[in-house]
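Just below is one structure, and these are the notes that go with it.
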Amino acid sequence: MVSSARAASSPGGRRREVLTAAQARRTALAAQGFTDPRPAGPATVRHLQRVLDRVGLLQIDSVNVVARSHRLPVFSRLGPYDDDLLRRAAERPPRRLVEYWAHEASLVPPRTHRLLRWRMARAAEEAWGRYRRILAERPRLLQDVLDVVGDGGAMTAAQVTARLHPGAPRSSAGSWMVPPTDAVLAGPARDVKAAAEQLFWSGELSAAGRTPQFERRYDLPERVLPPEVSSAPDLPEADAVRELVALSARSLGVATEAHLRDYFRLRPAQSRRAVEELVEDGVLAPVAVRGWARPALLHRDAAFPRRVSGRALLSPFDSLVFERSRTQALFGVRLRLEIYVPAAQRVHGYYVLPLLLDGELVARVDLKADRSAGVLRVQAAWAEPHAPEHVADELAGELRSTASWLGLDDVAVAGPGDLAPRLAEALART
């Protein structure tokens, strides 16, 4: 199966491929699209589709300190691209992406949305907090929200509230990811928003896109999903989960069962059963990776490049690194999301992007897009112990490219870190 990997016997007597840590890392990078060549000219829909086929999902997050998180993985793989490519894919028919709960809130292909209907069917029994209260105390409100959206077309929760409760206080809250205070979102507006989110969770509403303020625009699924998806029958849960695990495995290349499970946030029993069946079908093969504590699984289409070249800054929500234990196993680097850590206790910064260089994570930078000043600010810059001597020059080049893509005129180093002085010098030369 893998000509460059040695075979060994597992404790159960089965033959098992053995991958070195470097082989596993290169395989993972290939699966995520980091061995695909960047476009020689402007990126096209074909290039975007190649990225979507590789990663399987784009995680959404409201933090906009650099750029919305779903925009960055495409930039990391394609380089500077026209944002309208991604916007059209998610907001204009025939949609290539739709929003739902996959790995957290995510953009997924419509065919993957169908594979998550079993999760929608559980929405009522798994509801919690204000969602459970709406289901129990105000079931009629759910139908009222559906009726308003059905009659009026795509609209935000605030717009639905205005239709149902003229004169009610308006909300500036954008989504579940920016929880409003009662002073901002009270009474009818809070209940309408909870009802709309519950209907989205259950699949009775979908998302036609997001406003510039990141508010979800709700619409009926049949007006969002392609007809062949919206009219397709539900798959049995076990079949859908098996397909999701297969998608995870293809996007990860090599991974443990826990890594495969995390990609679409599945339950252990679901994932383990699916893995067993996929191994029996030959889609997955058990492998051992040197240095990994747990057995791994290799997708049958996994690639084994001899080397990986190039550079990219990665969003902390990029699917290559969003499962932190896998990131540490693959790269020997411990990443930590410090957004919710008090400022005085942060080690590397608020919004930290690691630098991928020639197949290794070699540095990390805390970035902020200062749009009013037209500057990409480096709040801190740190080199990993194994970083090459030329890391500052490579990082400077990627920061210049990132700033240009974001429409910013300059890059400025303004904070601490062992790499900061060298980075400032490298930027001064470019």
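Residues in the structure tokens are numbered from 1 in each chain, the chains being A, B, ... in the order shown, and ligands are numbered from 1 in the order shown.
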
Need to verify the contact set: A:Ser248, 9 Å, only C-alpha atoms, exclusion of same-chain residues closer than 6 positions in sequence. Can you return it as a PyMOL selection string?
chain A and resi 55-56+259-264

Could you dump the residues just selected with N, CA, C and O atoms as a PDB file, in the first residue's frame?
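This is the output file again-v6.pdb:
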ATOM      1  N   VAL A  55     -10.782  20.130   1.807  1.00  0.00           N
ATOM      2  CA  VAL A  55     -11.001  20.366   3.239  1.00  0.00           C
ATOM      3  C   VAL A  55     -12.375  19.910   3.715  1.00  0.00           C
ATOM      4  O   VAL A  55     -12.567  19.613   4.897  1.00  0.00           O
ATOM      5  N   GLY A  56     -13.376  19.877   2.856  1.00  0.00           N
ATOM      6  CA  GLY A  56     -14.683  19.362   3.239  1.00  0.00           C
ATOM      7  C   GLY A  56     -15.559  20.309   4.024  1.00  0.00           C
ATOM      8  O   GLY A  56     -16.782  20.164   4.022  1.00  0.00           O
ATOM      9  N   HIS A 259      -9.519  11.686  15.943  1.00  0.00           N
ATOM     10  CA  HIS A 259      -9.389  12.805  15.004  1.00  0.00           C
ATOM     11  C   HIS A 259     -10.507  12.773  13.966  1.00  0.00           C
ATOM     12  O   HIS A 259     -11.087  13.809  13.633  1.00  0.00           O
ATOM     13  N   LEU A 260     -10.800  11.583  13.447  1.00  0.00           N
ATOM     14  CA  LEU A 260     -11.882  11.449  12.467  1.00  0.00           C
ATOM     15  C   LEU A 260     -13.215  11.860  13.074  1.00  0.00           C
ATOM     16  O   LEU A 260     -14.019  12.535  12.443  1.00  0.00           O
ATOM     17  N   ARG A 261     -13.422  11.465  14.292  1.00  0.00           N
ATOM     18  CA  ARG A 261     -14.677  11.783  14.995  1.00  0.00           C
ATOM     19  C   ARG A 261     -14.840  13.289  15.190  1.00  0.00           C
ATOM     20  O   ARG A 261     -15.929  13.832  15.048  1.00  0.00           O
ATOM     21  N   ASP A 262     -13.742  13.962  15.494  1.00  0.00           N
ATOM     22  CA  ASP A 262     -13.816  15.387  15.802  1.00  0.00           C
ATOM     23  C   ASP A 262     -14.170  16.233  14.591  1.00  0.00           C
ATOM     24  O   ASP A 262     -14.771  17.294  14.733  1.00  0.00           O
ATOM     25  N   TYR A 263     -13.824  15.781  13.397  1.00  0.00           N
ATOM     26  CA  TYR A 263     -13.991  16.608  12.211  1.00  0.00           C
ATOM     27  C   TYR A 263     -15.431  17.066  12.032  1.00  0.00           C
ATOM     28  O   TYR A 263     -15.698  18.214  11.685  1.00  0.00           O
ATOM     29  N   PHE A 264     -16.384  16.158  12.269  1.00  0.00           N
ATOM     30  CA  PHE A 264     -17.802  16.514  12.213  1.00  0.00           C
ATOM     31  C   PHE A 264     -18.477  16.394  13.580  1.00  0.00           C
ATOM     32  O   PHE A 264     -19.698  16.295  13.660  1.00  0.00           O
TER      33      PHE A 264
END

DSSP helix (DSSP H, G or I) residues within stretch 84-239 of chain A, as a ChimeraX atom specification:
/A:84-91,110-115,117-121,123-126,129-137,139-152,157-164,187-201,221-224,227-230,237-239

Which polymer residues have any atom within 12 Å of an atom of A:Leu320, counting only C-alpha atoms, with same-chain residues fewer than 3 positions away left out, as a ChimeraX atom specification?
/A:25-34,54-59,73,76-77,248,251-255,259,263,312-317,323-328,330-331,335,354,356,359,361

Quick one: pull the distance between atom CA of A:Arg95 and atom CA of A:Ala196, Å, one decimal.
21.5 Å

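Taking atom CA of A:Ala208 and atom CA of A:Pro226 as endpoints, the distance between them is 12.1 Å.
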
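Closest approach to A:Leu225 among A:Val413, A:Ala90, A:Ala383, A:Leu247 is made by A:Ala90 (distances from only C-alpha atoms).
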
Could you pull out the residues in stretch 171-376 of chain A that DSSP calls strand (DSSP E or B) from the backbone, as a VMD selection string?
chain A and resid 206 to 210 216 to 219 254 to 255 284 to 289 296 to 299 311 to 313 352 to 357 360 to 370 375 to 376

Go through A:Val224, A:Val229, A:Ala288, A:Leu355 one by one, measure the shortest atom-to-atom distance of each to A:Arg92 using only C-alpha atoms, and give the residue with the smallest value.
A:Val224

I want to know what sits within 7 Å of stretch 215-223 of chain A, based on only C-alpha atoms, with residues of the same chain fewer than 6 positions away left out; could you give that as an NGL selection string?
:A and (149-150 or 153-156 or 174-175 or 204-209 or 230)

Please produce a file of those selected residues containing N, CA, C and O atoms, as a tab-separated table (two decimals), in the first residue's frame.
chain	number	residue	atom	x	y	z
A	149	VAL	N	-40.73	34.09	7.49
A	149	VAL	CA	-39.66	33.84	6.54
A	149	VAL	C	-40.22	33.26	5.24
A	149	VAL	O	-39.79	33.63	4.14
A	150	GLY	N	-41.20	32.37	5.37
A	150	GLY	CA	-41.80	31.80	4.18
A	150	GLY	C	-42.44	32.85	3.29
A	150	GLY	O	-42.34	32.80	2.06
A	153	GLY	N	-39.20	35.89	2.57
A	153	GLY	CA	-37.89	35.56	2.01
A	153	GLY	C	-36.79	35.71	3.03
A	153	GLY	O	-37.03	35.92	4.22
A	154	ALA	N	-35.57	35.61	2.57
A	154	ALA	CA	-34.41	35.61	3.46
A	154	ALA	C	-34.36	36.87	4.31
A	154	ALA	O	-34.49	37.98	3.81
A	155	MET	N	-34.21	36.68	5.62
A	155	MET	CA	-34.12	37.82	6.53
A	155	MET	C	-33.42	37.42	7.82
A	155	MET	O	-33.33	36.24	8.17
A	156	THR	N	-32.91	38.42	8.52
A	156	THR	CA	-32.24	38.21	9.79
A	156	THR	C	-33.28	38.04	10.90
A	156	THR	O	-34.46	38.35	10.72
A	174	GLY	N	-25.18	39.82	16.16
A	174	GLY	CA	-25.09	39.18	14.86
A	174	GLY	C	-25.45	37.73	14.83
A	174	GLY	O	-26.01	37.25	13.87
A	175	SER	N	-25.11	36.96	15.85
A	175	SER	CA	-25.30	35.51	15.77
A	175	SER	C	-25.09	34.91	17.13
A	175	SER	O	-24.80	35.60	18.11
A	204	GLU	N	-35.36	23.17	9.71
A	204	GLU	CA	-36.59	23.75	9.16
A	204	GLU	C	-36.32	25.11	8.53
A	204	GLU	O	-37.11	25.58	7.71
A	205	LEU	N	-35.26	25.75	8.95
A	205	LEU	CA	-34.74	26.93	8.29
A	205	LEU	C	-33.29	26.66	7.89
A	205	LEU	O	-32.60	25.87	8.53
A	206	SER	N	-32.85	27.32	6.84
A	206	SER	CA	-31.45	27.25	6.45
A	206	SER	C	-30.90	28.68	6.45
A	206	SER	O	-31.58	29.61	6.88
A	207	ALA	N	-29.68	28.83	5.98
A	207	ALA	CA	-29.04	30.15	5.95
A	207	ALA	C	-28.76	30.53	4.50
A	207	ALA	O	-28.06	29.80	3.79
A	208	ALA	N	-29.31	31.66	4.10
A	208	ALA	CA	-29.08	32.16	2.74
A	208	ALA	C	-27.78	32.94	2.65
A	208	ALA	O	-27.37	33.34	1.57
A	209	GLY	N	-27.12	33.16	3.78
A	209	GLY	CA	-25.87	33.90	3.82
A	209	GLY	C	-25.78	34.70	5.10
A	209	GLY	O	-26.56	34.48	6.05
A	230	SER	N	-32.42	19.15	-1.56
A	230	SER	CA	-33.58	19.40	-0.69
A	230	SER	C	-34.66	18.34	-0.85
A	230	SER	O	-35.37	18.03	0.10

I need the residue nearest A:Leu408 from this list: A:Gln49, A:Thr44, A:Ser309, A:Ser372. Use only C-alpha atoms for the distance.
A:Ser372

Using atom CA of A:Gly407 and atom CA of A:Val378 as the two end points, give the distance in Å to one decimal.
16.0 Å

Using only C-alpha atoms for the distances, tell me which of A:Asp239, A:Pro80, A:Thr112, A:Ala285 is nearest to A:Arg400.
A:Pro80

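Distances from A:Ala238, A:Ala24, A:Ala387, A:Ala414 to A:Val308 were compared using only C-alpha atoms, and the smallest one belongs to A:Ala24.
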